[in-house]
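Enquirer: Let me begin by handing over the structure; questions about it come next.
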Amino acid sequence: DERSGDVEADFAAASGALRERFASANVSLLGVLPDDPQVGAKSLTDVKLALDATAVHRADLLPKRDVRNVIVADSTLEDALSQWAQNPKALVMVHASRIQIVMGLMLAMRSGAYPPLSGIVLAGDEELPPVLRQVLSTLNDMPLPILQTRHRVYEALQRVSEQKRKLRAESIEQVEAAERMFEGNVDNDALRQLVGEPVSAVLTPKFFQHRIFK
């Protein structure tokens, strides 16, 4: 689209300017990496750690879901749905007592009428409502991770905002995106000439001692 075209044009211009500047200083520039939203996005595993949260539904999906936006559903279901429609791969934060909003989001997700949702965070130092626990027990096939944290909504929002993204081996999509970004923007041949070919990691104890103490 037009916005992505502008971003690519800006990156191309910035990259070209950097290459010229390095070349004028007779310094080799191996590559320039763009700001990739998928690589830079937090995963739900990061969110869980930041909030010291408990996964109450589909914990298996946490490392596979990245968070592009955060929506605070502190008003009405209609408002939450409106924000969700404009923010794909959003994480919705809602107080655990707002069960109507949670149930409405789950129903909307099953309808297929809305973009992908990363997950839901139930905030507040309250027990999970029994009716919600019962509903979730019958929806094991619904691919919607749900976390519960004792932190209140806006404290949780601040914690997630401050949490730094970590690229984890189990976050397969992010790892693959990082590999594509590196392969497409770094001169690998020049890099190999600088660092050399990788050596075998298998060392005998004597050779290991020799490498350490030589």
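Simple scheme: letters A, B, ... for chains in structure tokens order, numbers from 1 for residues in each chain, numbers from 1 for ligands in the order shown.
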I'd like the contact shell of stretch 46-51 of chain A - 7 Å cut-off, only C-alpha atoms, skipping same-chain residues fewer than 3 positions apart - returned as a PDB file with N, CA, C and O atoms, in the first residue's frame.

Expert:
```
ATOM      1  N   LYS A  42       6.780  -7.606  20.458  1.00  0.00           N
ATOM      2  CA  LYS A  42       6.827  -8.482  21.626  1.00  0.00           C
ATOM      3  C   LYS A  42       5.974  -9.717  21.358  1.00  0.00           C
ATOM      4  O   LYS A  42       4.991  -9.663  20.636  1.00  0.00           O
ATOM      5  N   SER A  43       6.355 -10.814  21.967  1.00  0.00           N
ATOM      6  CA  SER A  43       5.514 -12.009  21.908  1.00  0.00           C
ATOM      7  C   SER A  43       4.684 -12.059  23.186  1.00  0.00           C
ATOM      8  O   SER A  43       4.963 -11.360  24.173  1.00  0.00           O
ATOM      9  N   THR A 149      -3.590 -11.533  35.215  1.00  0.00           N
ATOM     10  CA  THR A 149      -2.581 -10.905  36.057  1.00  0.00           C
ATOM     11  C   THR A 149      -3.241 -10.161  37.209  1.00  0.00           C
ATOM     12  O   THR A 149      -4.367  -9.655  37.072  1.00  0.00           O
ATOM     13  N   ALA A 156      -0.635  -2.700  34.220  1.00  0.00           N
ATOM     14  CA  ALA A 156      -0.253  -3.754  33.271  1.00  0.00           C
ATOM     15  C   ALA A 156       0.181  -3.146  31.939  1.00  0.00           C
ATOM     16  O   ALA A 156       1.166  -3.589  31.324  1.00  0.00           O
ATOM     17  N   ARG A 159       3.685  -1.808  32.286  1.00  0.00           N
ATOM     18  CA  ARG A 159       4.673  -2.881  32.351  1.00  0.00           C
ATOM     19  C   ARG A 159       4.946  -3.472  30.967  1.00  0.00           C
ATOM     20  O   ARG A 159       6.090  -3.757  30.611  1.00  0.00           O
ATOM     21  N   VAL A 160       3.905  -3.668  30.193  1.00  0.00           N
ATOM     22  CA  VAL A 160       4.078  -4.217  28.847  1.00  0.00           C
ATOM     23  C   VAL A 160       4.819  -3.220  27.960  1.00  0.00           C
ATOM     24  O   VAL A 160       5.674  -3.600  27.148  1.00  0.00           O
ATOM     25  N   GLN A 163       8.480  -3.435  28.746  1.00  0.00           N
ATOM     26  CA  GLN A 163       9.131  -4.727  28.522  1.00  0.00           C
ATOM     27  C   GLN A 163       9.871  -4.740  27.197  1.00  0.00           C
ATOM     28  O   GLN A 163       9.335  -4.369  26.162  1.00  0.00           O
ATOM     29  N   ARG A 165      11.686  -6.483  23.959  1.00  0.00           N
ATOM     30  CA  ARG A 165      11.463  -7.662  23.127  1.00  0.00           C
ATOM     31  C   ARG A 165      12.680  -8.563  23.150  1.00  0.00           C
ATOM     32  O   ARG A 165      13.813  -8.097  23.049  1.00  0.00           O
TER      33      ARG A 165
END
```

Enquirer: Using only C-alpha atoms, which protein or nucleic acid residues come within 7 Å of A:Arg68? Drop anything in the same chain fewer than 5 positions from it, and give the result as an NGL selection string.

Expert: :A and (41 or 89-90)

Enquirer: Would you mind exporting the chosen residues as a tab-separated table (two decimals), in the first residue's frame, restricted to N, CA, C and O atoms?

Expert:
```tsv
chain	number	residue	atom	x	y	z
A	41	ALA	N	8.38	-6.87	17.32
A	41	ALA	CA	7.19	-6.99	18.16
A	41	ALA	C	7.44	-7.90	19.36
A	41	ALA	O	8.20	-8.86	19.29
A	89	LYS	N	-3.74	-7.91	15.07
A	89	LYS	CA	-2.77	-8.50	15.99
A	89	LYS	C	-2.63	-7.69	17.26
A	89	LYS	O	-1.54	-7.51	17.80
A	90	ALA	N	-3.76	-7.21	17.76
A	90	ALA	CA	-3.76	-6.42	18.99
A	90	ALA	C	-3.88	-7.32	20.20
A	90	ALA	O	-4.39	-8.44	20.14
```

Enquirer: I want to know what sits within 8 Å of stretch 96-99 of chain A, based on only C-alpha atoms, with residues of the same chain fewer than 3 positions away left out; could you give that as a list in words?

Expert: Val102, Met103, Leu122, Ala123, Gly124, Glu126, Glu127, Leu128, Pro129, Leu132 and Gln148 of chain A

Enquirer: Just the selected residues (N, CA, C and O atoms), exported as a PDB file, in the first residue's frame, please.

Expert:
```pdb
ATOM      1  N   VAL A 102     -15.331  -9.531  27.519  1.00  0.00           N
ATOM      2  CA  VAL A 102     -14.531 -10.716  27.204  1.00  0.00           C
ATOM      3  C   VAL A 102     -15.331 -11.698  26.356  1.00  0.00           C
ATOM      4  O   VAL A 102     -14.857 -12.197  25.324  1.00  0.00           O
ATOM      5  N   MET A 103     -16.573 -11.952  26.767  1.00  0.00           N
ATOM      6  CA  MET A 103     -17.420 -12.891  26.016  1.00  0.00           C
ATOM      7  C   MET A 103     -17.720 -12.350  24.624  1.00  0.00           C
ATOM      8  O   MET A 103     -17.748 -13.103  23.636  1.00  0.00           O
ATOM      9  N   LEU A 122      -6.584 -10.461  31.246  1.00  0.00           N
ATOM     10  CA  LEU A 122      -7.570 -10.172  32.288  1.00  0.00           C
ATOM     11  C   LEU A 122      -6.819  -9.580  33.472  1.00  0.00           C
ATOM     12  O   LEU A 122      -5.995 -10.258  34.090  1.00  0.00           O
ATOM     13  N   ALA A 123      -7.062  -8.308  33.747  1.00  0.00           N
ATOM     14  CA  ALA A 123      -6.307  -7.595  34.771  1.00  0.00           C
ATOM     15  C   ALA A 123      -7.131  -7.413  36.049  1.00  0.00           C
ATOM     16  O   ALA A 123      -8.359  -7.425  36.033  1.00  0.00           O
ATOM     17  N   GLY A 124      -6.419  -7.248  37.157  1.00  0.00           N
ATOM     18  CA  GLY A 124      -7.093  -7.020  38.432  1.00  0.00           C
ATOM     19  C   GLY A 124      -6.943  -8.207  39.369  1.00  0.00           C
ATOM     20  O   GLY A 124      -6.922  -9.359  38.935  1.00  0.00           O
ATOM     21  N   GLU A 126      -8.499 -10.310  41.068  1.00  0.00           N
ATOM     22  CA  GLU A 126      -9.765 -10.995  41.292  1.00  0.00           C
ATOM     23  C   GLU A 126      -9.688 -12.411  40.731  1.00  0.00           C
ATOM     24  O   GLU A 126      -8.908 -12.705  39.832  1.00  0.00           O
ATOM     25  N   GLU A 127     -10.534 -13.286  41.266  1.00  0.00           N
ATOM     26  CA  GLU A 127     -10.618 -14.644  40.746  1.00  0.00           C
ATOM     27  C   GLU A 127     -11.267 -14.625  39.362  1.00  0.00           C
ATOM     28  O   GLU A 127     -12.079 -13.746  39.051  1.00  0.00           O
ATOM     29  N   LEU A 128     -10.894 -15.574  38.547  1.00  0.00           N
ATOM     30  CA  LEU A 128     -11.532 -15.708  37.241  1.00  0.00           C
ATOM     31  C   LEU A 128     -13.002 -16.057  37.452  1.00  0.00           C
ATOM     32  O   LEU A 128     -13.315 -17.007  38.189  1.00  0.00           O
ATOM     33  N   PRO A 129     -13.922 -15.284  36.859  1.00  0.00           N
ATOM     34  CA  PRO A 129     -15.355 -15.573  37.048  1.00  0.00           C
ATOM     35  C   PRO A 129     -15.679 -17.017  36.684  1.00  0.00           C
ATOM     36  O   PRO A 129     -15.258 -17.500  35.619  1.00  0.00           O
ATOM     37  N   LEU A 132     -16.935 -17.704  33.162  1.00  0.00           N
ATOM     38  CA  LEU A 132     -15.928 -17.605  32.108  1.00  0.00           C
ATOM     39  C   LEU A 132     -15.043 -18.854  32.102  1.00  0.00           C
ATOM     40  O   LEU A 132     -14.710 -19.380  31.043  1.00  0.00           O
ATOM     41  N   GLN A 148      -4.003 -13.988  32.755  1.00  0.00           N
ATOM     42  CA  GLN A 148      -4.585 -13.335  33.926  1.00  0.00           C
ATOM     43  C   GLN A 148      -3.458 -12.802  34.797  1.00  0.00           C
ATOM     44  O   GLN A 148      -2.483 -13.502  35.075  1.00  0.00           O
TER      45      GLN A 148
END
```

Enquirer: Quick one: pull the distance between atom CA of A:Leu81 and atom CA of A:Asp60, Å, one decimal.

Expert: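 A separation of 25.2 Å between them.
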
Enquirer: Enter the distance from atom CA of A:Val94 to atom CA of A:Val72, in Å, rounded to one decimal.

Expert: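 Between these atoms lies a distance of 6.2 Å.
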